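Inspection log for the structure reproduced underneath, given as structure tokens.
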Amino acid sequence: MTERHPMALLAEYSVTASPDRRVVEVYDADAYLGDQAAMAAAEVQVVAGNGYHLYLLSRQPDIDVKVTVRIWDTPPEPPADAEGHVPVSIESETGILVVNQLTMGPAGQMTLPRPGVYEGYAWWSGREAASAYYDEILKSITDDWSLEQIQHAWDQCPADERYVLDLAFTRESEPDDEDD
């Protein structure tokens with residue numbers, strides 16, 4: 001008899017996104033309306049949401065971050081070396097999650113194994129180091145720097161700012177009560 005691995009990775013999607021206004025959003029393809037209360041909560045928790053929409057809050061607005069969504073049969077605990085983590089839940093009635101860059105538009109999208117409610121953890125790493133690098137570069141920029149030089153400096157950031165959503169399907173979506 002073979003033992004089954006306790007946590008099987010069912011799907012994984014990664015994309016690089018610009019933290020436009022310091023924010024990257026993850027939401028169901030039909031849930032594109034923002035939520036100011038969830039955004040305010042992200043200011044405190046780093047990642048927060050309203051059930052359909054998650055906000056990932058960087059400490060800097062210009063250096064690209066990596067967003068990874070992993071779907072498990074059972075979500076693992078966040079790694080010990082993560083800078084921080086919070087429990088999260090997101091409902092996707094369409095089965096498609098969008099990773100969005102506020103005013104710049106979608107960075108990408110992931111098709112989930114099935115529509116429904118997913119729960120688990122959001123965790124992050126490299127956030128503090130990317131912020132420190134950003135602040136250091138801002139101090140060295142002078143009036144004669146070109147936009148290309150500034151972008152090159154952002155691209156040279158030695159820290160990988162990363163946000164990971166480790167999720168598992170928990171239940172079907174509740175049917176809408178609206179009349180069509």
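Naming works like this for the structure tokens: A, B, ... for the chains as they're shown, residue 1 at the start of each chain, ligands 1 onward in shown order.
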
Those in chain A with alpha helix (DSSP H) from DSSP, as a PyMOL selection string
chain A and resi 36-45+127-140+147-155

Could you pull the residues within 10 Å of Tyr163 of chain A, counting only C-alpha atoms, minus those fewer than 4 positions along the same chain, as a list in words?
Ser14, Val24, Val46, Val47, Leu56, Leu57, Ser58, Val65, Lys66, Val67, Thr68, Val69, Ala82, Gly84, His85, Ala122, Trp123, Trp124, Ser125, Gly126 and Arg127 of chain A

Measuring between only C-alpha atoms, which one of A:Thr111, A:Ser131, A:Ser173, A:Gln151 shows the shortest distance to Glu12 of chain A?
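Smallest separation from Glu12 of chain A among the options: A:Thr111.
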
From A:Glu172, A:Thr103, A:Tyr121, A:Arg21, residue lying nearest Pro78 of chain A [only C-alpha atoms]:
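Among the listed residues, the smallest separation from Pro78 of chain A belongs to A:Tyr121.
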
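Nearest to Ala8 of chain A of all the residues A:Pro158, A:Gly108, A:Pro75, A:Gly95 is A:Pro75, based on only C-alpha atoms.
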
Quick check for you: according to DSSP on this backbone, which residues of segment 5-157 of chain A are classed as strand (DSSP E or B)? Reply as a PDB file with C-alpha atoms, in the first residue's frame.
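Written output follows (states.pdb):
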```
ATOM      1  CA  LEU A   9      -0.168  20.754  -5.475  1.00  0.00           C
ATOM      2  CA  LEU A  10      -3.044  20.818  -7.973  1.00  0.00           C
ATOM      3  CA  ALA A  11      -2.275  24.013  -9.923  1.00  0.00           C
ATOM      4  CA  GLU A  12       0.209  26.871  -9.882  1.00  0.00           C
ATOM      5  CA  TYR A  13       0.355  30.209 -11.680  1.00  0.00           C
ATOM      6  CA  SER A  14       2.978  32.965 -11.376  1.00  0.00           C
ATOM      7  CA  VAL A  15       3.125  36.400 -12.955  1.00  0.00           C
ATOM      8  CA  THR A  16       5.226  39.530 -12.571  1.00  0.00           C
ATOM      9  CA  ALA A  17       3.154  42.599 -11.773  1.00  0.00           C
ATOM     10  CA  VAL A  23      -1.109  47.706  -4.876  1.00  0.00           C
ATOM     11  CA  VAL A  24      -1.615  44.485  -6.816  1.00  0.00           C
ATOM     12  CA  GLU A  25      -5.128  43.026  -6.840  1.00  0.00           C
ATOM     13  CA  VAL A  26      -6.323  39.442  -7.213  1.00  0.00           C
ATOM     14  CA  TYR A  27     -10.013  38.931  -7.936  1.00  0.00           C
ATOM     15  CA  ASP A  28     -12.622  36.795  -9.653  1.00  0.00           C
ATOM     16  CA  VAL A  47      -2.887  41.349   2.287  1.00  0.00           C
ATOM     17  CA  ALA A  48      -6.625  41.769   2.847  1.00  0.00           C
ATOM     18  CA  GLY A  49      -9.855  41.174   0.986  1.00  0.00           C
ATOM     19  CA  HIS A  53     -11.132  40.656  -4.037  1.00  0.00           C
ATOM     20  CA  LEU A  54      -7.663  40.533  -2.444  1.00  0.00           C
ATOM     21  CA  TYR A  55      -5.291  43.473  -2.185  1.00  0.00           C
ATOM     22  CA  LEU A  56      -1.533  42.844  -1.914  1.00  0.00           C
ATOM     23  CA  LEU A  57       0.196  45.947  -0.585  1.00  0.00           C
ATOM     24  CA  VAL A  65       6.725  41.986  -7.733  1.00  0.00           C
ATOM     25  CA  LYS A  66       6.032  38.308  -8.310  1.00  0.00           C
ATOM     26  CA  VAL A  67       2.554  36.977  -7.525  1.00  0.00           C
ATOM     27  CA  THR A  68       2.081  33.213  -7.269  1.00  0.00           C
ATOM     28  CA  VAL A  69      -1.252  31.436  -6.780  1.00  0.00           C
ATOM     29  CA  ARG A  70      -0.977  27.785  -5.769  1.00  0.00           C
ATOM     30  CA  ILE A  71      -3.970  25.491  -5.400  1.00  0.00           C
ATOM     31  CA  TRP A  72      -3.513  22.538  -3.052  1.00  0.00           C
ATOM     32  CA  GLY A  84       4.566  37.707   7.192  1.00  0.00           C
ATOM     33  CA  HIS A  85       1.346  35.849   6.474  1.00  0.00           C
ATOM     34  CA  VAL A  86      -2.415  36.124   6.919  1.00  0.00           C
ATOM     35  CA  PRO A  87      -5.325  33.731   6.383  1.00  0.00           C
ATOM     36  CA  VAL A  88      -7.285  34.544   3.211  1.00  0.00           C
ATOM     37  CA  SER A  89     -10.433  33.488   1.414  1.00  0.00           C
ATOM     38  CA  ILE A  90     -11.502  34.256  -2.144  1.00  0.00           C
ATOM     39  CA  GLU A  91     -14.609  33.234  -4.034  1.00  0.00           C
ATOM     40  CA  SER A  92     -14.451  32.747  -7.774  1.00  0.00           C
ATOM     41  CA  ILE A  96     -10.849  32.565 -13.249  1.00  0.00           C
ATOM     42  CA  LEU A  97      -8.661  34.738 -11.009  1.00  0.00           C
ATOM     43  CA  VAL A  98      -7.260  37.979 -12.417  1.00  0.00           C
ATOM     44  CA  VAL A  99      -3.986  39.516 -11.184  1.00  0.00           C
ATOM     45  CA  ASN A 100      -4.440  43.243 -11.778  1.00  0.00           C
ATOM     46  CA  GLN A 101      -2.172  46.319 -11.693  1.00  0.00           C
ATOM     47  CA  GLY A 105      -4.692  46.663 -16.170  1.00  0.00           C
ATOM     48  CA  PRO A 106      -4.349  42.896 -15.807  1.00  0.00           C
ATOM     49  CA  ALA A 107      -0.897  41.329 -15.514  1.00  0.00           C
ATOM     50  CA  GLY A 108      -2.416  37.882 -16.083  1.00  0.00           C
ATOM     51  CA  GLN A 109      -5.068  35.409 -15.076  1.00  0.00           C
ATOM     52  CA  MET A 110      -5.314  31.877 -13.747  1.00  0.00           C
ATOM     53  CA  THR A 111      -7.972  29.288 -14.480  1.00  0.00           C
ATOM     54  CA  GLY A 116     -15.989  28.108  -5.831  1.00  0.00           C
ATOM     55  CA  VAL A 117     -14.543  29.327  -2.546  1.00  0.00           C
ATOM     56  CA  TYR A 118     -10.828  28.889  -1.871  1.00  0.00           C
ATOM     57  CA  GLU A 119      -9.211  29.391   1.519  1.00  0.00           C
ATOM     58  CA  GLY A 120      -5.670  29.283   2.831  1.00  0.00           C
ATOM     59  CA  TYR A 121      -2.816  31.700   3.440  1.00  0.00           C
ATOM     60  CA  ALA A 122      -1.175  34.663   1.796  1.00  0.00           C
ATOM     61  CA  TRP A 123       2.491  35.064   2.631  1.00  0.00           C
ATOM     62  CA  TRP A 124       5.251  37.334   1.389  1.00  0.00           C
ATOM     63  CA  SER A 125       9.009  37.691   1.264  1.00  0.00           C
TER      64      SER A 125
END
```

For atom CA of Ala42 of chain A and atom CA of Ile63 of chain A, the interatomic separation in Å (one decimal):
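Atom-to-atom, atom CA of Ala42 of chain A and atom CA of Ile63 of chain A are spaced 18.7 Å apart.
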
Let me make sure I understand: among A:Leu112, A:Ala159, A:Met7, A:Val164, which one has the smallest atom-to-atom distance to Pro76 of chain A if we use only C-alpha atoms?
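Distance minimum relative to Pro76 of chain A lands on A:Met7.
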
Hey, which of A:Gln156, A:Thr170, A:Gln149, A:Gln60 ends up closest to Pro115 of chain A? Count only C-alpha atoms.
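Smallest distance to Pro115 of chain A is found for A:Thr170.
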
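We find atom CA of Glu43 of chain A and atom CA of Ala153 of chain A to be spaced 26.1 Å apart.
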
What is the distance, in Å and to one decimal place, between atom CA of Tyr134 of chain A and atom CA of Cys157 of chain A?
7.9 Å
